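Everything on this sheet refers to the single structure shown next.
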Amino acid sequence: QVRLVESGGGLVQAGDSLDLSCTISGGTFSSHSMGWFLQAPGTEREFVAAISWSGNIKFYAESVKGRFTISRDNAKNTLNLQMNSLEPADTAIYYCARLGNSYYSGEYHLRNALRYSIWGQGTQVTVSS
């Protein structure tokens, strides 16, 4: 059974940084593009960032561009999200997810939560003002 586990969330102040990690077990990692999504209370899950299976292509939501950096280490089966200059509006549960199709990196799919088939349980990020 494929499982994703996020870690690194927490309570920080505005302007601080956090580094989220996501590890996979029971399945392949290096052949799949990966994404980060967030969900705040009462809202839909929304796209944050995605990275192609090779790591060469990255996409970001406009709200995080220039502040967040997505990366992956295929040798360690690990996905990361470096979050800088955090704002109270970034407060949410953050989920990592694995794209359903292998060896695919089309932008429309990577930005679309419905295209991801495996999800982690989420990690809470809270940013106080």
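Every chain in the structure tokens takes a letter, A first, then B, and so on in the order presented; its residues are numbered from 1, and the ligands are numbered from 1 following the presented order.
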
Sorted per-residue table, region 25-88 of chain A near region 3-10 of chain A, closest atoms and distance, 12 Å, only C-alpha atoms, as a Markdown table:
| residue | atom | partner | partner_atom | distance |
| --- | --- | --- | --- | --- |
| A:Ser25 | CA | A:Arg3 | CA | 5.2 |
| A:Gly26 | CA | A:Arg3 | CA | 6.3 |
| A:Gly27 | CA | A:Arg3 | CA | 7.5 |
| A:Thr28 | CA | A:Arg3 | CA | 10.2 |
| A:Phe29 | CA | A:Leu4 | CA | 10.1 |
| A:Met34 | CA | A:Leu4 | CA | 10.9 |
| A:Gly35 | CA | A:Leu4 | CA | 11.6 |
| A:Trp36 | CA | A:Glu6 | CA | 10.2 |
| A:Phe37 | CA | A:Glu6 | CA | 11.7 |
| A:Leu38 | CA | A:Gly9 | CA | 12.0 |
| A:Asn77 | CA | A:Leu4 | CA | 10.2 |
| A:Thr78 | CA | A:Leu4 | CA | 9.7 |
| A:Leu79 | CA | A:Glu6 | CA | 9.0 |
| A:Asn80 | CA | A:Glu6 | CA | 9.3 |
| A:Leu81 | CA | A:Gly8 | CA | 9.5 |
| A:Gln82 | CA | A:Gly8 | CA | 10.0 |
| A:Met83 | CA | A:Gly9 | CA | 10.3 |
| A:Leu86 | CA | A:Gly10 | CA | 11.8 |

*Nearby residues (only C-alpha atoms) at most 8 Å from Ala113 (chain A), same-chain spacing under 6 positions excluded, as an MDAnalysis selection string*: chainID A and resid 37 45:47

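Secondary structure from DSSP on the backbone puts helix (DSSP H, G or I) at the following positions of chain A: Pro88, Ala89, Asp90, Glu107, Tyr108, His109, Leu110, Ala113, Leu114 and Arg115 of chain A.
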
Generate the output file for the selected residues, C-alpha atoms, as a PDB file, in the first residue's frame.
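To be explicit, this is the file written out as again08.pdb:
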ATOM      1  CA  PRO A  88      -1.150  34.603   8.252  1.00  0.00           C
ATOM      2  CA  ALA A  89      -2.964  33.846   4.975  1.00  0.00           C
ATOM      3  CA  ASP A  90      -0.689  30.795   4.574  1.00  0.00           C
ATOM      4  CA  GLU A 107       1.057  21.903 -16.250  1.00  0.00           C
ATOM      5  CA  TYR A 108      -2.724  21.505 -16.361  1.00  0.00           C
ATOM      6  CA  HIS A 109      -2.530  18.147 -14.644  1.00  0.00           C
ATOM      7  CA  LEU A 110       0.061  19.162 -12.068  1.00  0.00           C
ATOM      8  CA  ALA A 113      -5.941  18.171  -7.423  1.00  0.00           C
ATOM      9  CA  LEU A 114      -8.199  15.701  -9.213  1.00  0.00           C
ATOM     10  CA  ARG A 115      -5.199  14.346 -11.141  1.00  0.00           C
TER      11      ARG A 115
END

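Closest to Lys65 (chain A) among A:Asn112, A:Gln124, A:Thr23, A:Asn84 is A:Asn84, based on only C-alpha atoms.
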
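When only C-alpha atoms are used to measure the gap to Gln13 (chain A), the shortest distance among A:Ile57, A:Tyr104, A:Arg72, A:Glu87 belongs to A:Glu87.
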
*Using only C-alpha atoms, pick whichever of A:Ser85, A:Asn74, A:Ala50, A:Gly66 has the shortest atom-to-atom distance to Val127 (chain A).*
A:Ser85

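What separates CA of Tyr94 (chain A) from CA of Thr123 (chain A) is a distance of 5.3 Å.
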
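Among the candidates A:Ile24, A:Ala97, A:Ile51, A:Val12, the one nearest to Ile118 (chain A) when counting only C-alpha atoms is A:Ala97.
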
*Per DSSP on the backbone, what are the strand (DSSP E) residues of chain A, as a ChimeraX atom specification?*
/A:3-7,10-13,18-25,32-39,46-51,58-60,68-73,78-83,92-102,116-119,123-128

Take the residues from that selection and put them in a file with C-alpha atoms, as a CSV table (one decimal), in the first residue's frame.
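Full text of out01.csv as output:
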chain,number,residue,atom,x,y,z
A,3,ARG,CA,1.6,5.9,1.8
A,4,LEU,CA,2.7,9.5,2.0
A,5,VAL,CA,3.6,11.1,5.3
A,6,GLU,CA,4.1,14.9,5.7
A,7,SER,CA,6.1,16.5,8.5
A,10,GLY,CA,4.0,24.0,13.2
A,11,LEU,CA,3.1,27.4,14.7
A,12,VAL,CA,5.3,30.3,13.6
A,13,GLN,CA,5.1,34.1,13.4
A,18,LEU,CA,9.2,26.4,7.7
A,19,ASP,CA,10.4,23.4,5.7
A,20,LEU,CA,7.8,20.8,5.0
A,21,SER,CA,8.8,17.2,4.1
A,22,CYS,CA,6.9,14.3,2.5
A,23,THR,CA,8.2,10.8,2.3
A,24,ILE,CA,6.7,7.8,0.4
A,25,SER,CA,6.6,4.2,1.4
A,32,HIS,CA,5.8,10.4,-10.5
A,33,SER,CA,5.3,14.2,-10.4
A,34,MET,CA,4.4,15.4,-7.0
A,35,GLY,CA,2.5,18.3,-5.6
A,36,TRP,CA,1.7,20.3,-2.5
A,37,PHE,CA,-1.8,21.5,-1.8
A,38,LEU,CA,-3.4,23.4,1.1
A,39,GLN,CA,-6.8,23.5,2.7
A,46,GLU,CA,-6.0,24.5,-3.5
A,47,PHE,CA,-2.8,24.1,-5.4
A,48,VAL,CA,0.5,25.4,-3.9
A,49,ALA,CA,3.3,23.9,-5.9
A,50,ALA,CA,4.3,21.0,-8.1
A,51,ILE,CA,7.4,19.4,-9.4
A,58,LYS,CA,8.2,23.4,-11.2
A,59,PHE,CA,5.0,25.2,-11.0
A,60,TYR,CA,3.8,27.6,-8.2
A,68,PHE,CA,8.1,29.0,-1.5
A,69,THR,CA,10.4,26.5,-3.1
A,70,ILE,CA,9.5,22.9,-4.0
A,71,SER,CA,12.2,20.3,-4.4
A,72,ARG,CA,12.7,16.6,-4.4
A,73,ASP,CA,15.4,14.0,-3.7
A,78,THR,CA,11.5,12.8,-0.3
A,79,LEU,CA,9.6,15.8,-1.4
A,80,ASN,CA,10.2,19.2,0.3
A,81,LEU,CA,8.5,22.6,0.4
A,82,GLN,CA,10.7,25.4,1.8
A,83,MET,CA,8.4,28.2,3.0
A,92,ALA,CA,-3.8,25.8,6.5
A,93,ILE,CA,-3.3,22.1,6.4
A,94,TYR,CA,-0.7,21.2,3.8
A,95,TYR,CA,-0.9,18.0,1.9
A,96,CYS,CA,1.6,16.3,-0.4
A,97,ALA,CA,0.3,14.2,-3.2
A,98,ARG,CA,1.5,11.9,-6.0
A,99,LEU,CA,0.2,12.4,-9.5
A,100,GLY,CA,-1.8,9.5,-10.8
A,101,ASN,CA,0.1,9.1,-14.1
A,102,SER,CA,3.8,8.2,-14.1
A,116,TYR,CA,-3.5,13.2,-8.0
A,117,SER,CA,-4.3,9.7,-6.7
A,118,ILE,CA,-2.2,9.3,-3.5
A,119,TRP,CA,-2.5,11.9,-0.7
A,123,THR,CA,0.4,18.8,8.3
A,124,GLN,CA,-0.9,21.9,10.0
A,125,VAL,CA,0.8,25.2,9.4
A,126,THR,CA,-0.3,28.1,11.5
A,127,VAL,CA,1.1,31.6,11.0
A,128,SER,CA,0.4,34.2,13.7
